[in-house]
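Comments concern the structure below.
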Amino acid sequence: MRSARDSKAKGRGIRQSMSDLHTWAGLLAGWILYAMFLTGTVSYFKDETSQWMRPEQAQQRDMPDAALVAQRVVETLGKIAAGSTQWSFALPDERTSVIDSFWRTPGASKGKRAFESARFDPVTGERTTARETLGGEFFYRFHFQFYYMPVLWGRWLAGLCAMFMLVAIVSGVITHKKIFVDFFTFRWGKGQRSWLDAHNALSVFGLPFHAMITYTGLVTLMAMYMPWGAQTAFRTPAERAAMTSQLSAFIQPRESSGQNAPLAPVDAMVREAQARWGRDKVGRVTITNPGDSTARVAVSRGEASRVSMSPQYMLFDGVTGKLIEVKDSVGGAAETRGVLYALHLGRFSDMQLRWLYFIVSLAGTAMVGTGLVMWTVKRRQKLADPARPYVGFWLVERLNIASIAGLSIAMTSFLWGNRLLPLGIAARDDAEVNVFFAMWGATLLYAFVRPARRAWIELLWLATAMLAFVPALNALTTNRPLWRSIAQGDWVFAGFDLMMWAFALLHAALAIRVTRHRPRTKPVGKRIAARAVMPEREKESA
Amino acid sequence: MTHLLSIVFCLMAFACLAVSMDRHQMMLFGRALRAGQTRGFRIAGWCGLVLALRFIVDYQGWALGLVSYSGCTSVSAGIVFGGLIVYERLSARRSHQP
């Protein structure tokens, strides 16, 4: 009898403390997590975004032959990156129409960038003439290393927030004691209860994804967050190299001999790889010490249709063109990492699976968003005077506005900047990013000076208008308007434009809901009728 | 196509699972179903989920199949959830009219 009562009290205790943990872990990292989630979500269409942001690069109708493209790019690199100890470039696939390449800059002094990069046209092999932009790569990089700060700091911050997220997910599951009973439950118009139901639904339906994406997100950078195991186990350079070869197909340059020797034809090597993996399944070519007698060429397998990022590559002698080694598999631990890594990036996906990733990830974004808003909804009922909340409440509410409504505006501004900034200006790609952050900052200032409810409504409408206008802007500033894209079957451009309208509708719906919501007794804020929340329900919802 | 079919499988399965719950029985039929019926729907729902998994793994193999399956179940559960909300709102509106 007594022990039953004790265990009951104990059970309640742990649920309550988990609830507190969930609330505060979620809130403190929430604003950054929301931005990470949303930019990560759109990164599932990174290549499509990049295509849309480089309208000069013609639509790729047929996949070019990777072997020919590789040879063209190698010839160009021989001209512009001679003397470099390492070249690397990705081969085209169905979703990319430019060749991203980078090479080590010889004799770069400390503090200067050790790599230079360029984008090539697969047809000519020359530098692309498309406008200078980071494209979808900006959202992708921002997603895990932010901007305006050293990359390492950004990654540590992202890791810290991901750890908070993991804590929030586990504590959230423990707090939510009726996962199965309330599985499909949504109670309409019940204020905090409705918010909680929505938050639960978004969290529970996507729970496998949310847990996976958070955990695997940490795995992608685990060697940086926790290097000590590897440092202790692998002490000699040879051991380190052996470990690296389990993780990456990115071969490192060896000591060069100083004897010049021309590079063997790379197209023949790529053809061997095509024979092994399939015509369009070759991912990347990395060449070390090109032009030297110690040259090596690694041709690695693409990421499509295999749920693993573990390196698979064929290593060739760069002078004779002979196959030296085929790397087909890695050890169990490395393969586990490779699979988890691949699950996070989802690059193996076909279009349908990519959409599933996108939709569920968007639900994750909404989960973080509803969680943030719920913090204020729950506390607003207890405010003595809602017109004058305490500083913490005021701050959370304003940050919510800027991080949710403001981020939509900032991301859309980035697209506007891409279309409207003059083509000739220096560092145009940076200028686009500056537009993004300037607009984000402006929404934060706006949220600080306007009444909260008005700020929500106005910024959501602004986001709606800006999103809705993107296809028009595209029609006005490029020769690839929506009707032509549809007529020509260019579904990347058409799809992008149509998605802008879909997002505009979403923001309009949110704006209308906030506008319609009229608190009956208290005049200020997006307060939802709290009367309907019964006290005992309030307790269980904590 | 595989995805679409497995989403349809999952939709039916989650619909059955929703119908096997008291709260949704009250909303949909105005009364609780008999215990036997409830159990029937619950069994049908779980079998549907297993069948959908079987189907998608047959087509895509375990590696890709499990990833797809996770996406299909999440999206289908969301659609059933949304459908129940819409149904409830519509019937509430109907019952308010004279």
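Order determines the names: the first chain of the structure tokens is A, the second B, and so forth; residues in each chain are numbered 1 upward, and ligands are numbered 1 upward as they are shown.
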
Which residues are close to stretch 509-513 of chain A, i.e. within 7 Å by only C-alpha atoms, leaving aside same-chain residues fewer than 4 positions away? Reply as number ranges by chain. A: 457, 460-461, 505, 517

Output the selection as an mmCIF file, in the first residue's frame - C-alpha atoms for each residue.
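What ended up in selection-v3.cif:
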data_model
loop_
_atom_site.group_PDB
_atom_site.id
_atom_site.type_symbol
_atom_site.label_atom_id
_atom_site.label_comp_id
_atom_site.auth_asym_id
_atom_site.auth_seq_id
_atom_site.Cartn_x
_atom_site.Cartn_y
_atom_site.Cartn_z
ATOM 1 C CA ILE A 457 -0.205 40.071 -37.952
ATOM 2 C CA LEU A 460 2.928 37.487 -41.288
ATOM 3 C CA TRP A 461 1.143 39.550 -43.946
ATOM 4 C CA LEU A 505 -1.035 30.649 -48.526
ATOM 5 C CA HIS A 517 -8.607 35.634 -32.728
#

Under the rule of at most 12 Å, produce a per-residue listing of chain A near chain B: chain, number, name, the closest pair of atoms, and the distance in Å, as a Markdown table, using only C-alpha atoms.
| residue | atom | partner | partner_atom | distance |
| --- | --- | --- | --- | --- |
| A:Phe180 | CA | B:Met21 | CA | 9.7 |
| A:Val181 | CA | B:Met21 | CA | 7.8 |
| A:Asp182 | CA | B:Arg23 | CA | 9.0 |
| A:Phe183 | CA | B:Ala18 | CA | 8.2 |
| A:Phe184 | CA | B:Phe81 | CA | 5.4 |
| A:Thr185 | CA | B:Phe81 | CA | 7.5 |
| A:Phe186 | CA | B:Ile85 | CA | 6.9 |
| A:Arg187 | CA | B:Ile85 | CA | 8.5 |
| A:Trp188 | CA | B:Ile85 | CA | 8.0 |
| A:Gly189 | CA | B:Arg89 | CA | 10.6 |
| A:Ser194 | CA | B:Ile85 | CA | 11.6 |
| A:Asp197 | CA | B:Phe81 | CA | 10.8 |
| A:Ala198 | CA | B:Phe81 | CA | 10.0 |
| A:Asn200 | CA | B:Gly78 | CA | 11.4 |
| A:Ala201 | CA | B:Gly78 | CA | 7.7 |
| A:Leu202 | CA | B:Gly78 | CA | 7.9 |
| A:Ser203 | CA | B:Ser74 | CA | 10.0 |
| A:Val204 | CA | B:Ser74 | CA | 8.6 |
| A:Phe205 | CA | B:Ser74 | CA | 4.9 |
| A:Gly206 | CA | B:Ser74 | CA | 5.3 |
| A:Leu207 | CA | B:Ser74 | CA | 8.2 |
| A:Pro208 | CA | B:Ser70 | CA | 7.0 |
| A:Phe209 | CA | B:Ser70 | CA | 7.4 |
| A:His210 | CA | B:Ser74 | CA | 10.8 |
| A:Ala211 | CA | B:Ser70 | CA | 11.9 |
| A:Met212 | CA | B:Val67 | CA | 10.6 |
| A:Ile213 | CA | B:Val67 | CA | 11.9 |
| A:Ala304 | CA | B:Leu64 | CA | 10.9 |
| A:Ser305 | CA | B:Leu64 | CA | 7.7 |
| A:Arg306 | CA | B:Leu64 | CA | 7.7 |
| A:Val307 | CA | B:Ala63 | CA | 6.2 |
| A:Ser308 | CA | B:Ala63 | CA | 9.3 |
| A:Val339 | CA | B:Ala63 | CA | 9.3 |
| A:Leu340 | CA | B:Ala63 | CA | 11.5 |
| A:Ala342 | CA | B:Val67 | CA | 10.9 |
| A:Leu343 | CA | B:Val67 | CA | 8.0 |
| A:His344 | CA | B:Val67 | CA | 10.8 |
| A:Gly346 | CA | B:Val67 | CA | 9.2 |
| A:Arg347 | CA | B:Leu64 | CA | 11.4 |
| A:Phe348 | CA | B:Leu64 | CA | 8.3 |
| A:Ser349 | CA | B:Leu64 | CA | 8.3 |
| A:Asp350 | CA | B:Leu64 | CA | 10.1 |
| A:Met351 | CA | B:His3 | CA | 10.5 |
| A:Gln352 | CA | B:His3 | CA | 7.0 |
| A:Leu353 | CA | B:Ser68 | CA | 6.2 |
| A:Arg354 | CA | B:Ser68 | CA | 9.5 |
| A:Trp355 | CA | B:Gly71 | CA | 9.1 |
| A:Leu356 | CA | B:Gly71 | CA | 5.4 |
| A:Tyr357 | CA | B:Gly71 | CA | 6.7 |
| A:Phe358 | CA | B:Gly71 | CA | 9.5 |
| A:Ile359 | CA | B:Val75 | CA | 7.6 |
| A:Val360 | CA | B:Val75 | CA | 6.9 |
| A:Ser361 | CA | B:Gly71 | CA | 9.9 |
| A:Leu362 | CA | B:Val75 | CA | 11.1 |
| A:Ala363 | CA | B:Gly78 | CA | 9.4 |
| A:Gly364 | CA | B:Ser74 | CA | 11.2 |

- request: Quick one: everything within 12 Å of A:Leu28, counting only C-alpha atoms, minus sequence neighbours fewer than 6 positions away in the same chain. Send it as a PyMOL selection string.
  value: chain A and resi 21-22+34+160-165+167-168+368+371-372+375+392+396+399-400

Could you save those same residues with N, CA and C atoms as a JSON list (two decimals), in the first residue's frame?
[["chain", "number", "residue", "atom", "x", "y", "z"],
["A", 21, "LEU", "N", 12.15, 20.42, -17.45],
["A", 21, "LEU", "CA", 13.34, 20.30, -18.29],
["A", 21, "LEU", "C", 12.97, 20.54, -19.76],
["A", 22, "HIS", "N", 11.85, 19.95, -20.16],
["A", 22, "HIS", "CA", 11.38, 20.08, -21.55],
["A", 22, "HIS", "C", 11.12, 21.55, -21.87],
["A", 34, "TYR", "N", 14.65, 26.62, -34.16],
["A", 34, "TYR", "CA", 13.66, 26.90, -35.20],
["A", 34, "TYR", "C", 14.36, 27.26, -36.50],
["A", 160, "LEU", "N", 25.53, 22.18, -29.58],
["A", 160, "LEU", "CA", 24.93, 22.45, -28.27],
["A", 160, "LEU", "C", 23.41, 22.49, -28.39],
["A", 161, "CYS", "N", 22.92, 23.19, -29.42],
["A", 161, "CYS", "CA", 21.47, 23.29, -29.60],
["A", 161, "CYS", "C", 20.88, 21.93, -29.94],
["A", 162, "ALA", "N", 21.59, 21.13, -30.74],
["A", 162, "ALA", "CA", 21.09, 19.80, -31.07],
["A", 162, "ALA", "C", 21.00, 18.95, -29.82],
["A", 163, "MET", "N", 21.97, 19.12, -28.91],
["A", 163, "MET", "CA", 21.94, 18.38, -27.65],
["A", 163, "MET", "C", 20.73, 18.80, -26.82],
["A", 164, "PHE", "N", 20.44, 20.10, -26.80],
["A", 164, "PHE", "CA", 19.23, 20.59, -26.12],
["A", 164, "PHE", "C", 17.99, 19.96, -26.73],
["A", 165, "MET", "N", 18.02, 19.88, -28.06],
["A", 165, "MET", "CA", 16.88, 19.30, -28.77],
["A", 165, "MET", "C", 16.68, 17.85, -28.36],
["A", 167, "VAL", "N", 17.58, 16.46, -25.58],
["A", 167, "VAL", "CA", 17.05, 16.47, -24.22],
["A", 167, "VAL", "C", 15.55, 16.79, -24.27],
["A", 168, "ALA", "N", 15.18, 17.76, -25.10],
["A", 168, "ALA", "CA", 13.77, 18.17, -25.18],
["A", 168, "ALA", "C", 12.92, 17.02, -25.72],
["A", 368, "VAL", "N", 8.71, 22.97, -33.19],
["A", 368, "VAL", "CA", 9.51, 23.93, -32.43],
["A", 368, "VAL", "C", 8.75, 25.25, -32.32],
["A", 371, "GLY", "N", 5.90, 25.02, -29.90],
["A", 371, "GLY", "CA", 6.46, 24.96, -28.55],
["A", 371, "GLY", "C", 6.83, 26.34, -28.04],
["A", 372, "LEU", "N", 7.46, 27.13, -28.90],
["A", 372, "LEU", "CA", 7.85, 28.48, -28.50],
["A", 372, "LEU", "C", 6.63, 29.33, -28.17],
["A", 375, "TRP", "N", 4.82, 28.57, -24.84],
["A", 375, "TRP", "CA", 5.41, 29.12, -23.63],
["A", 375, "TRP", "C", 4.71, 30.42, -23.25],
["A", 392, "GLY", "N", 10.86, 39.17, -18.92],
["A", 392, "GLY", "CA", 11.13, 37.88, -19.54],
["A", 392, "GLY", "C", 10.06, 37.51, -20.54],
["A", 396, "VAL", "N", 10.59, 37.05, -24.57],
["A", 396, "VAL", "CA", 10.31, 35.78, -25.26],
["A", 396, "VAL", "C", 9.31, 36.01, -26.39],
["A", 399, "LEU", "N", 11.06, 37.81, -29.29],
["A", 399, "LEU", "CA", 11.99, 36.92, -29.99],
["A", 399, "LEU", "C", 11.23, 35.87, -30.81],
["A", 400, "ASN", "N", 10.10, 35.41, -30.27],
["A", 400, "ASN", "CA", 9.28, 34.48, -31.04],
["A", 400, "ASN", "C", 8.85, 35.09, -32.36]]

Those in stretch 305-530 of chain A with alpha helix (DSSP H) from DSSP, as number ranges by chain
A: 332-345, 351-380, 391-420, 428-449, 452-477, 482-487, 491-516

With a distance cut-off of 7 Å and only C-alpha atoms, select the neighbouring residues of stretch 283-300 of chain A, excluding the residue or stretch itself and same-chain residues fewer than 2 positions from it, and output the selection as a ChimeraX atom specification. /A:85-91,249-250,252-253,256-263,270,273,281,302-303,312-319

So that I can see what lies close to A:Ser117, please list as a ChimeraX atom specification the residues with an atom at most 8 Å from it, counting only C-alpha atoms and leaving out residues fewer than 2 positions away in the same chain. /A:100-103,115,119

Looking at only C-alpha atoms, which of B:Ile43, B:Val57, B:Leu66, B:Leu49 is the one that sits closest to B:Ile7?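 The answer is B:Leu49, which sits nearest to B:Ile7.
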
One decimal place gives the atom CA of A:Arg480-atom CA of A:Met500 separation as 15.4 Å
